[in-house]
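Asker: This is entry.cif, which holds mmCIF, C-alpha atoms:
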```
data_structure
#
loop_
_atom_site.label_atom_id
_atom_site.label_comp_id
_atom_site.auth_asym_id
_atom_site.auth_seq_id
_atom_site.Cartn_x
_atom_site.Cartn_y
_atom_site.Cartn_z
CA MET A 5 -38.50 38.29 56.53
CA ASP A 6 -39.05 39.18 60.17
CA LEU A 7 -36.37 41.85 60.54
CA ASN A 8 -36.86 41.85 64.31
CA THR A 9 -34.74 38.69 64.47
CA ILE A 10 -31.80 40.20 62.56
CA GLU A 11 -29.05 41.36 64.88
CA SER A 12 -26.60 42.54 62.23
CA VAL A 13 -25.92 42.85 58.50
CA LEU A 14 -22.28 42.51 57.51
CA ALA A 15 -20.81 43.72 54.20
CA PRO A 16 -17.30 42.26 53.86
CA ARG A 17 -15.06 43.76 51.16
CA GLY A 18 -12.85 40.73 50.65
CA ARG A 19 -12.62 37.03 51.35
CA GLU A 20 -10.42 37.63 54.37
CA ALA A 21 -13.22 39.69 55.90
CA LEU A 22 -15.83 36.95 55.70
CA PRO A 23 -16.90 36.19 59.28
CA PRO A 24 -16.70 32.70 60.82
CA TRP A 25 -19.96 30.93 60.08
CA ARG A 26 -22.40 30.42 62.91
CA PRO A 27 -25.97 29.10 63.23
CA GLY A 28 -28.46 31.78 62.24
CA ASP A 29 -26.27 33.16 59.43
CA ALA A 30 -27.34 33.54 55.82
CA TRP A 31 -25.42 34.64 52.74
CA LEU A 32 -27.24 37.53 51.06
CA ALA A 33 -27.00 37.91 47.28
CA GLY A 34 -30.03 39.35 45.51
CA GLY A 35 -32.38 38.60 48.38
CA THR A 36 -35.42 38.13 46.13
CA TRP A 37 -36.37 34.95 47.96
CA LEU A 38 -34.75 35.73 51.32
CA PHE A 39 -36.87 38.85 51.77
CA SER A 40 -40.03 37.29 50.34
CA GLU A 41 -41.16 35.41 53.45
CA PRO A 42 -40.45 35.24 57.19
CA GLN A 43 -37.06 33.81 58.16
CA PRO A 44 -37.29 33.66 61.97
CA GLN A 45 -34.31 31.31 62.20
CA LEU A 46 -31.91 33.99 60.95
CA ALA A 47 -29.95 36.39 63.14
CA ARG A 48 -27.21 37.70 60.84
CA LEU A 49 -26.92 38.45 57.13
CA VAL A 50 -23.61 38.48 55.27
CA ASP A 51 -23.99 40.58 52.11
CA LEU A 52 -21.88 39.19 49.26
CA ALA A 53 -22.41 42.18 46.96
CA GLY A 54 -19.58 44.11 48.61
CA LEU A 55 -17.04 41.51 47.50
CA GLY A 56 -17.12 43.15 44.08
CA TRP A 57 -17.05 40.07 41.87
CA ALA A 58 -17.13 40.78 38.14
CA PRO A 59 -20.48 39.36 36.99
CA HIS A 60 -19.12 37.36 34.06
CA ALA A 61 -16.10 36.67 31.90
CA ILE A 62 -15.83 35.17 28.41
CA SER A 63 -12.64 33.41 27.37
CA ALA A 64 -11.42 30.61 25.12
CA ALA A 65 -12.13 28.25 28.02
CA GLY A 66 -15.81 29.21 28.20
CA LEU A 67 -18.09 31.38 30.30
CA GLU A 68 -17.50 32.25 33.96
CA LEU A 69 -20.50 33.46 35.92
CA ALA A 70 -20.08 34.97 39.36
CA ALA A 71 -22.62 33.68 41.84
CA THR A 72 -23.72 37.32 42.22
CA CYS A 73 -24.32 37.81 38.48
CA THR A 74 -27.93 38.94 38.06
CA ILE A 75 -30.38 37.36 35.66
CA ALA A 76 -30.62 40.69 33.82
CA ALA A 77 -26.84 40.88 33.36
CA LEU A 78 -26.72 37.30 32.11
CA GLU A 79 -29.55 37.84 29.64
CA ARG A 80 -27.80 40.89 28.15
CA LEU A 81 -24.58 39.00 27.41
CA ASP A 82 -23.33 39.02 23.81
CA LEU A 83 -21.88 35.54 23.39
CA PRO A 84 -19.52 34.29 20.66
CA ALA A 85 -21.22 33.31 17.41
CA ASP A 86 -19.64 29.84 17.41
CA TRP A 87 -21.32 28.99 20.72
CA ALA A 88 -24.30 27.22 19.17
CA ALA A 89 -25.95 26.75 22.57
CA ARG A 90 -26.04 30.49 23.29
CA PRO A 91 -29.87 30.69 22.83
CA LEU A 92 -30.19 28.60 26.00
CA VAL A 93 -29.02 31.55 28.06
CA GLY A 94 -31.95 33.75 27.07
CA GLN A 95 -34.41 30.86 27.14
CA CYS A 96 -33.47 29.95 30.71
CA CYS A 97 -33.45 33.57 31.86
CA ARG A 98 -36.97 34.04 30.50
CA ALA A 99 -38.07 30.86 32.28
CA LEU A 100 -37.55 32.79 35.53
CA LEU A 101 -40.86 34.61 35.44
CA GLY A 102 -40.61 37.93 37.22
CA SER A 103 -40.64 41.68 36.83
CA PHE A 104 -37.64 43.71 35.70
CA LYS A 105 -37.06 44.47 39.39
CA VAL A 106 -36.68 40.76 40.12
CA TRP A 107 -34.42 40.23 37.10
CA ASN A 108 -32.14 43.06 38.25
CA ALA A 109 -31.80 41.63 41.76
CA ALA A 110 -32.07 37.84 41.45
CA THR A 111 -28.72 36.13 40.98
CA VAL A 112 -27.47 33.04 39.21
CA GLY A 113 -25.91 31.71 42.40
CA GLY A 114 -29.01 32.42 44.43
CA ASN A 115 -31.14 30.46 41.98
CA LEU A 116 -28.75 27.51 42.23
CA CYS A 117 -28.38 27.57 46.00
CA LEU A 118 -32.11 27.92 46.64
CA ALA A 119 -32.34 24.60 44.77
CA LEU A 120 -36.00 24.76 43.84
CA PRO A 121 -36.81 22.13 41.19
CA ALA A 122 -38.01 24.83 38.77
CA GLY A 123 -34.80 26.90 39.04
CA PRO A 124 -33.87 27.65 35.41
CA MET A 125 -30.25 28.46 36.23
CA ILE A 126 -29.97 24.89 37.50
CA ALA A 127 -31.21 23.63 34.15
CA LEU A 128 -28.80 25.88 32.23
CA ALA A 129 -25.76 24.96 34.28
CA CYS A 130 -26.47 21.22 34.27
CA ALA A 131 -27.16 21.08 30.53
CA LEU A 132 -23.88 22.86 29.80
CA ASP A 133 -21.74 20.77 32.16
CA GLY A 134 -21.40 23.63 34.62
CA THR A 135 -19.05 23.34 37.56
CA GLY A 136 -19.34 25.33 40.76
CA LEU A 137 -16.26 26.87 42.37
CA ILE A 138 -16.84 26.74 46.12
CA TRP A 139 -15.01 28.63 48.85
CA THR A 140 -14.60 26.62 52.03
CA PRO A 141 -14.51 28.20 55.52
CA GLU A 142 -10.91 27.04 55.93
CA GLY A 143 -9.77 29.26 53.04
CA ALA A 144 -9.52 26.53 50.44
CA GLU A 145 -11.52 25.88 47.27
CA ARG A 146 -13.30 22.88 45.84
CA ARG A 147 -15.15 22.23 42.59
CA LEU A 148 -18.38 20.35 42.13
CA PRO A 149 -20.53 19.71 39.05
CA VAL A 150 -23.83 21.56 39.37
CA LEU A 151 -25.55 18.25 38.62
CA ASP A 152 -24.15 17.04 41.98
CA LEU A 153 -24.54 20.36 43.78
CA VAL A 154 -28.35 20.35 43.78
CA LEU A 155 -29.66 17.42 45.82
CA GLY A 156 -33.38 18.19 46.06
CA PRO A 157 -35.84 20.95 46.94
CA ARG A 158 -33.99 23.50 49.11
CA ALA A 159 -31.10 21.04 49.55
CA THR A 160 -27.56 21.36 48.18
CA ALA A 161 -24.18 19.74 48.74
CA LEU A 162 -22.82 22.98 50.23
CA ARG A 163 -21.49 22.53 53.75
CA PRO A 164 -22.07 25.06 56.53
CA GLY A 165 -20.06 28.20 55.86
CA GLU A 166 -19.26 27.38 52.23
CA VAL A 167 -19.82 30.01 49.55
CA LEU A 168 -20.62 29.35 45.91
CA ARG A 169 -18.15 31.72 44.27
CA ARG A 170 -18.57 31.02 40.56
CA ILE A 171 -20.12 28.76 37.93
CA ASP A 172 -17.94 27.75 34.97
CA LEU A 173 -19.53 26.69 31.67
CA PRO A 174 -16.97 25.09 29.31
CA ALA A 175 -16.68 26.28 25.72
CA GLU A 176 -16.97 22.71 24.46
CA ALA A 177 -20.46 22.46 25.95
CA LEU A 178 -21.43 25.90 24.67
CA ARG A 179 -20.59 24.82 21.11
CA ARG A 180 -23.18 22.02 21.14
CA ARG A 181 -26.49 22.22 19.35
CA SER A 182 -29.33 22.57 21.83
CA ALA A 183 -33.09 22.24 22.14
CA PHE A 184 -35.20 23.74 24.92
CA ARG A 185 -38.69 22.80 26.10
CA ARG A 186 -40.71 24.11 29.02
CA ILE A 187 -44.30 23.63 30.16
CA SER A 188 -46.40 24.91 33.05
CA LEU A 189 -50.01 24.56 34.16
CA SER A 190 -50.73 28.20 33.27
CA PRO A 191 -49.19 30.65 30.76
CA ASN A 192 -47.33 32.56 33.47
CA GLY A 193 -46.95 29.70 35.94
CA ARG A 194 -43.87 28.14 37.48
CA SER A 195 -42.22 25.50 35.31
CA GLY A 196 -43.79 22.06 35.67
CA ALA A 197 -41.13 20.53 33.43
CA LEU A 198 -38.04 22.11 31.87
CA LEU A 199 -35.93 19.95 29.57
CA ILE A 200 -32.79 20.72 27.59
CA GLY A 201 -31.21 18.49 25.00
CA THR A 202 -27.72 18.92 23.56
CA ARG A 203 -25.78 17.23 20.78
CA ASP A 204 -22.06 17.67 20.22
CA GLY A 205 -20.05 17.55 17.01
CA ALA A 206 -19.47 13.82 17.35
CA GLY A 207 -23.21 13.20 17.67
CA ALA A 208 -23.32 12.48 21.42
CA PHE A 209 -26.72 13.31 22.91
CA ALA A 210 -27.61 14.43 26.43
CA LEU A 211 -31.00 15.20 27.92
CA THR A 212 -31.28 17.23 31.12
CA VAL A 213 -34.56 16.99 33.06
CA THR A 214 -35.46 19.63 35.65
CA ALA A 215 -38.58 21.11 37.27
CA ALA A 216 -40.46 17.82 36.80
CA THR A 217 -38.06 16.08 39.15
CA ARG A 218 -36.97 16.85 42.71
CA ARG A 219 -33.38 17.21 41.56
CA PRO A 220 -31.80 17.64 38.12
CA LEU A 221 -31.31 14.44 36.15
CA GLN A 222 -29.37 13.73 32.98
CA VAL A 223 -29.30 10.85 30.53
CA ARG A 224 -26.55 10.50 27.93
CA PHE A 225 -26.17 8.51 24.73
CA ALA A 226 -23.30 8.15 22.26
CA ALA A 227 -25.72 9.21 19.51
CA VAL A 228 -29.29 10.44 19.28
CA PRO A 229 -31.22 7.45 20.66
CA GLU A 230 -34.09 5.67 19.06
CA ALA A 231 -37.39 6.68 20.60
CA PRO A 232 -37.83 3.43 22.61
CA ALA A 233 -34.35 3.78 24.16
CA LEU A 234 -35.12 7.30 25.34
CA GLU A 235 -38.49 6.19 26.68
CA ASP A 236 -36.81 3.38 28.61
CA ALA A 237 -34.29 5.81 30.13
CA LEU A 238 -37.08 8.07 31.37
CA ALA A 239 -39.15 5.13 32.58
CA ALA A 240 -36.21 4.13 34.81
CA ILE A 241 -36.55 7.34 36.85
CA PRO A 242 -37.80 6.24 40.31
CA GLU A 243 -41.33 7.24 41.26
CA ASP A 244 -40.20 9.21 44.30
CA ILE A 245 -37.99 11.48 42.17
CA TRP A 246 -40.96 13.07 40.36
CA HIS A 247 -41.88 16.34 42.05
CA ASP A 248 -45.30 16.90 43.60
CA ASP A 249 -46.63 20.38 44.41
CA VAL A 250 -49.34 22.82 43.35
CA HIS A 251 -47.53 23.39 40.06
CA GLY A 252 -48.02 19.81 38.88
CA ALA A 253 -48.75 16.28 40.01
CA PRO A 254 -46.11 13.56 39.52
CA ASP A 255 -48.08 11.61 36.91
CA TRP A 256 -48.61 14.76 34.83
CA ARG A 257 -44.96 15.73 35.14
CA ARG A 258 -43.85 12.25 34.05
CA HIS A 259 -46.22 12.34 31.07
CA VAL A 260 -45.24 15.78 29.78
CA THR A 261 -41.56 14.99 30.31
CA GLY A 262 -41.93 12.10 27.89
CA LEU A 263 -43.65 14.30 25.32
CA LEU A 264 -41.09 17.09 25.56
CA ALA A 265 -38.19 14.65 25.48
CA ALA A 266 -39.53 13.14 22.25
CA GLU A 267 -39.75 16.62 20.70
CA ILE A 268 -36.17 17.36 21.72
CA ARG A 269 -34.96 14.04 20.36
CA ASP A 270 -36.65 14.71 17.01
CA GLU A 271 -35.29 18.25 16.80
CA LEU A 272 -31.70 17.27 17.47
CA ALA A 273 -32.00 14.31 15.12
CA GLY A 274 -33.08 16.74 12.42
CA GLU A 275 -36.53 15.12 12.08
CA GLY A 276 -38.63 18.00 13.39
CA ALA A 277 -38.71 21.70 14.06
#
```
Any chance you could put this one into structure tokens?
Answerer:
Amino acid sequence: MDLNTIESVLAPRGREALPPWRPGDAWLAGGTWLFSEPQPQLARLVDLAGLGWAPHAISAAGLELAATCTIAALERLDLPADWAARPLVGQCCRALLGSFKVWNAATVGGNLCLALPAGPMIALACALDGTGLIWTPEGAERRLPVLDLVLGPRATALRPGEVLRRIDLPAEALRRRSAFRRISLSPNGRSGALLIGTRDGAGAFALTVTAATRRPLQVRFAAVPEAPALEDALAAIPEDIWHDDVHGAPDWRRHVTGLLAAEIRDELAGEGA
């Protein structure tokens, strides 16, 4: 970041102290991306850390994650034994490749709001039916499924001045069986495709596709689908939705998505390991 453009850094201690939003503002959480490259368009930072949000809360309703919860704090969580999907938390945290310094600064909310296709917190929240609690500039609140929050690379449904306050993961989703698959072009590379499958107690199956696509996608079936039905669902994804960057070409991403989806289908059907 070019700090010569920054006129002020505010550290409000409560919601009532949040300043009116203006062009050139940026919410500051962990700052791992914000400080990683020049941001000449910014003039003021509003540091959310001073709001003092508890990083997480476990209840009968599920798991609440503050937007300022760090990846390290999330990975250390001891989740209830009956939450069969609890391995997904660690798997998605480890998909964010970075040093311990990054893990202790990067936040769940920052990963969602940055909206990069490879964001593993996006995959986690979408696969577990996560809902974002959003503060509006007028002092109200609104809720939005994370699947609808992330619109594309660096694009979200947040309006100017809105703050992602919390992500709620329902207990019902956390009790589902899950299967996780990730692939990249190099052992320590950014995710080229990250897929999560879940199956609930009634047999309903959902497949969440991220990293390979410009925005998170999900397909659902009343039961684990036959292989051709799953292939048809993936084939229906429009060509322009497949992501294209140095971490993978669209045709490769489409191909490996099909392979990983088949593995997930077999695992949750009980046919494979």
Asker: Show me, as a VMD selection string, the residues that have an atom within 9 Å of region 182-186 of chain A when counting only C-alpha atoms, minus same-chain residues fewer than 4 positions from it.
Answerer: chain A and resid 88 to 92 95 to 96 99 195 to 204 264 to 265 267 to 269 271 to 272
Asker: Taking the file as I've supplied it (selection: the PyMOL selection byres ((chain A and resi 227-233) around 8)), which residues are included? Please answer as a compact mmCIF listing (two decimals) with C-alpha atoms, in the coordinates of the input.
Answerer:
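To be explicit, this is the file written out as part35.txt:
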```txt
# COMPACT_ATOMS: atom_id res chain seq x y z
CA ARG A 203 -25.78 17.23 20.78
CA GLY A 207 -23.21 13.20 17.67
CA ALA A 208 -23.32 12.48 21.42
CA PHE A 209 -26.72 13.31 22.91
CA PHE A 225 -26.17 8.51 24.73
CA ALA A 226 -23.30 8.15 22.26
CA LEU A 234 -35.12 7.30 25.34
CA GLU A 235 -38.49 6.19 26.68
CA ASP A 236 -36.81 3.38 28.61
CA ALA A 237 -34.29 5.81 30.13
CA ALA A 266 -39.53 13.14 22.25
CA ARG A 269 -34.96 14.04 20.36
CA LEU A 272 -31.70 17.27 17.47
CA ALA A 273 -32.00 14.31 15.12
```
Asker: Which one of A:Ala159, A:Ala239, A:Val112, A:Ser188 sits closest to Trp256 (chain A) if you count only C-alpha atoms?
Answerer: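 The shortest atom-to-atom distance to Trp256 (chain A) comes from A:Ser188.
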Asker: In Å, how far is it from CA of Ser12 (chain A) to CA of Ala47 (chain A)?
Answerer: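 One can read the CA of Ser12 (chain A) to CA of Ala47 (chain A) distance as 7.1 Å.
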Asker: Any chance you could resolve the PyMOL selection byres ((chain A and resi 23) around 12) against this file and give the residues as an MDAnalysis selection string?
Answerer: chainID A and resid 12:22 24:26 29:31 48:52 141:143 165:167
Asker: Kindly indicate which residue among A:Pro59, A:Gly54, A:Gly134, A:Gly193 lies nearest to Gly102 (chain A), using all atoms listed in the file for the distances.
Answerer: A:Gly193
Asker: Decode the PyMOL selection byres ((chain A and resi 116) around 10) for the given file into explicit residues and return them as a list in words.
Answerer: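 Here the PyMOL selection byres ((chain A and resi 116) around 10) matches Ala71, Thr111, Val112, Gly113, Gly114, Asn115, Cys117, Leu118, Ala119, Leu120, Pro121, Gly123, Pro124, Met125, Ile126, Ala127, Ala129, Gly136, Val150, Leu153, Val154, Arg158, Thr160, Leu168 and Ile171 of chain A.
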Asker: From the set A:Leu162, A:Leu128, A:Leu55, A:Ala85, which residue has the shortest atom-to-atom contact distance to Thr140 (chain A), counting all atoms listed in the file?
Answerer: A:Leu162
Asker: Given only C-alpha atoms as the basis, pick out the residue of A:Arg258, A:Ser40, A:Gly56, A:Val93 nearest to Leu173 (chain A).
Answerer: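 Closest to Leu173 (chain A), using only C-alpha atoms: A:Val93.
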Asker: Just checking: using only C-alpha atoms, which residue out of A:Glu11, A:Asp82, A:Asp255, A:Asp133 ends up closest to Ala177 (chain A)?
Answerer: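 Looking only at the distances to Ala177 (chain A), the closest residue turns out to be A:Asp133.
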Asker: Show which residues sit within 9 Å of Arg170 (chain A), as an MDAnalysis selection string. Count all atoms listed in the file, and ignore same-chain residues fewer than 4 positions away.
Answerer: chainID A and resid 68:72 113 135:138
Asker: When distances are computed from only C-alpha atoms, which of A:Val106, A:Leu178, A:Ile187, A:Val250 shows the smallest separation from Ala215 (chain A)?
Answerer: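 Using only C-alpha atoms, the shortest distance to Ala215 (chain A) belongs to A:Ile187.
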Asker: When you draw a straight line from CA of Lys105 (chain A) to CA of Gln45 (chain A), how long is it in Å?
Answerer: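 Here the two named atoms are 26.5 Å from each other.
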Asker: Rebuild N, CA and C atoms on region 133-151 of chain A, as a PDB file, in the frame of the given file?
Answerer:
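Below is the file that was written, result_34.pdb:
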```
ATOM      1  N   ASP A 133     -22.851  21.365  31.382  1.00  0.00           N
ATOM      2  CA  ASP A 133     -21.740  20.770  32.160  1.00  0.00           C
ATOM      3  C   ASP A 133     -21.097  21.779  33.100  1.00  0.00           C
ATOM      4  N   GLY A 134     -21.925  22.620  33.722  1.00  0.00           N
ATOM      5  CA  GLY A 134     -21.400  23.630  34.620  1.00  0.00           C
ATOM      6  C   GLY A 134     -20.778  23.049  35.872  1.00  0.00           C
ATOM      7  N   THR A 135     -19.738  23.719  36.330  1.00  0.00           N
ATOM      8  CA  THR A 135     -19.050  23.340  37.560  1.00  0.00           C
ATOM      9  C   THR A 135     -19.037  24.534  38.508  1.00  0.00           C
ATOM     10  N   GLY A 136     -19.364  24.281  39.758  1.00  0.00           N
ATOM     11  CA  GLY A 136     -19.340  25.330  40.760  1.00  0.00           C
ATOM     12  C   GLY A 136     -17.985  25.403  41.447  1.00  0.00           C
ATOM     13  N   LEU A 137     -17.457  26.631  41.574  1.00  0.00           N
ATOM     14  CA  LEU A 137     -16.260  26.870  42.370  1.00  0.00           C
ATOM     15  C   LEU A 137     -16.721  27.297  43.752  1.00  0.00           C
ATOM     16  N   ILE A 138     -16.326  26.549  44.768  1.00  0.00           N
ATOM     17  CA  ILE A 138     -16.840  26.740  46.120  1.00  0.00           C
ATOM     18  C   ILE A 138     -15.707  27.158  47.044  1.00  0.00           C
ATOM     19  N   TRP A 139     -15.940  28.221  47.805  1.00  0.00           N
ATOM     20  CA  TRP A 139     -15.010  28.630  48.850  1.00  0.00           C
ATOM     21  C   TRP A 139     -15.357  27.893  50.136  1.00  0.00           C
ATOM     22  N   THR A 140     -14.366  27.301  50.764  1.00  0.00           N
ATOM     23  CA  THR A 140     -14.600  26.620  52.030  1.00  0.00           C
ATOM     24  C   THR A 140     -14.251  27.558  53.190  1.00  0.00           C
ATOM     25  N   PRO A 141     -14.812  27.321  54.374  1.00  0.00           N
ATOM     26  CA  PRO A 141     -14.510  28.200  55.520  1.00  0.00           C
ATOM     27  C   PRO A 141     -13.046  28.195  55.915  1.00  0.00           C
ATOM     28  N   GLU A 142     -12.328  27.132  55.548  1.00  0.00           N
ATOM     29  CA  GLU A 142     -10.910  27.040  55.930  1.00  0.00           C
ATOM     30  C   GLU A 142     -10.005  27.849  55.009  1.00  0.00           C
ATOM     31  N   GLY A 143     -10.569  28.465  53.961  1.00  0.00           N
ATOM     32  CA  GLY A 143      -9.770  29.260  53.040  1.00  0.00           C
ATOM     33  C   GLY A 143      -9.374  28.523  51.784  1.00  0.00           C
ATOM     34  N   ALA A 144      -9.839  27.306  51.628  1.00  0.00           N
ATOM     35  CA  ALA A 144      -9.520  26.530  50.440  1.00  0.00           C
ATOM     36  C   ALA A 144     -10.646  26.666  49.410  1.00  0.00           C
ATOM     37  N   GLU A 145     -10.506  25.917  48.317  1.00  0.00           N
ATOM     38  CA  GLU A 145     -11.520  25.880  47.270  1.00  0.00           C
ATOM     39  C   GLU A 145     -11.789  24.438  46.883  1.00  0.00           C
ATOM     40  N   ARG A 146     -12.996  24.172  46.430  1.00  0.00           N
ATOM     41  CA  ARG A 146     -13.300  22.880  45.840  1.00  0.00           C
ATOM     42  C   ARG A 146     -14.256  23.105  44.676  1.00  0.00           C
ATOM     43  N   ARG A 147     -14.286  22.144  43.759  1.00  0.00           N
ATOM     44  CA  ARG A 147     -15.150  22.230  42.590  1.00  0.00           C
ATOM     45  C   ARG A 147     -16.148  21.070  42.602  1.00  0.00           C
ATOM     46  N   LEU A 148     -17.334  21.362  42.124  1.00  0.00           N
ATOM     47  CA  LEU A 148     -18.380  20.350  42.130  1.00  0.00           C
ATOM     48  C   LEU A 148     -19.294  20.585  40.932  1.00  0.00           C
ATOM     49  N   PRO A 149     -19.568  19.539  40.130  1.00  0.00           N
ATOM     50  CA  PRO A 149     -20.530  19.710  39.050  1.00  0.00           C
ATOM     51  C   PRO A 149     -21.879  20.163  39.599  1.00  0.00           C
ATOM     52  N   VAL A 150     -22.531  21.079  38.898  1.00  0.00           N
ATOM     53  CA  VAL A 150     -23.830  21.560  39.370  1.00  0.00           C
ATOM     54  C   VAL A 150     -24.828  20.413  39.442  1.00  0.00           C
ATOM     55  N   LEU A 151     -24.662  19.417  38.586  1.00  0.00           N
ATOM     56  CA  LEU A 151     -25.550  18.250  38.620  1.00  0.00           C
ATOM     57  C   LEU A 151     -25.479  17.552  39.973  1.00  0.00           C
TER      58      LEU A 151
END
```
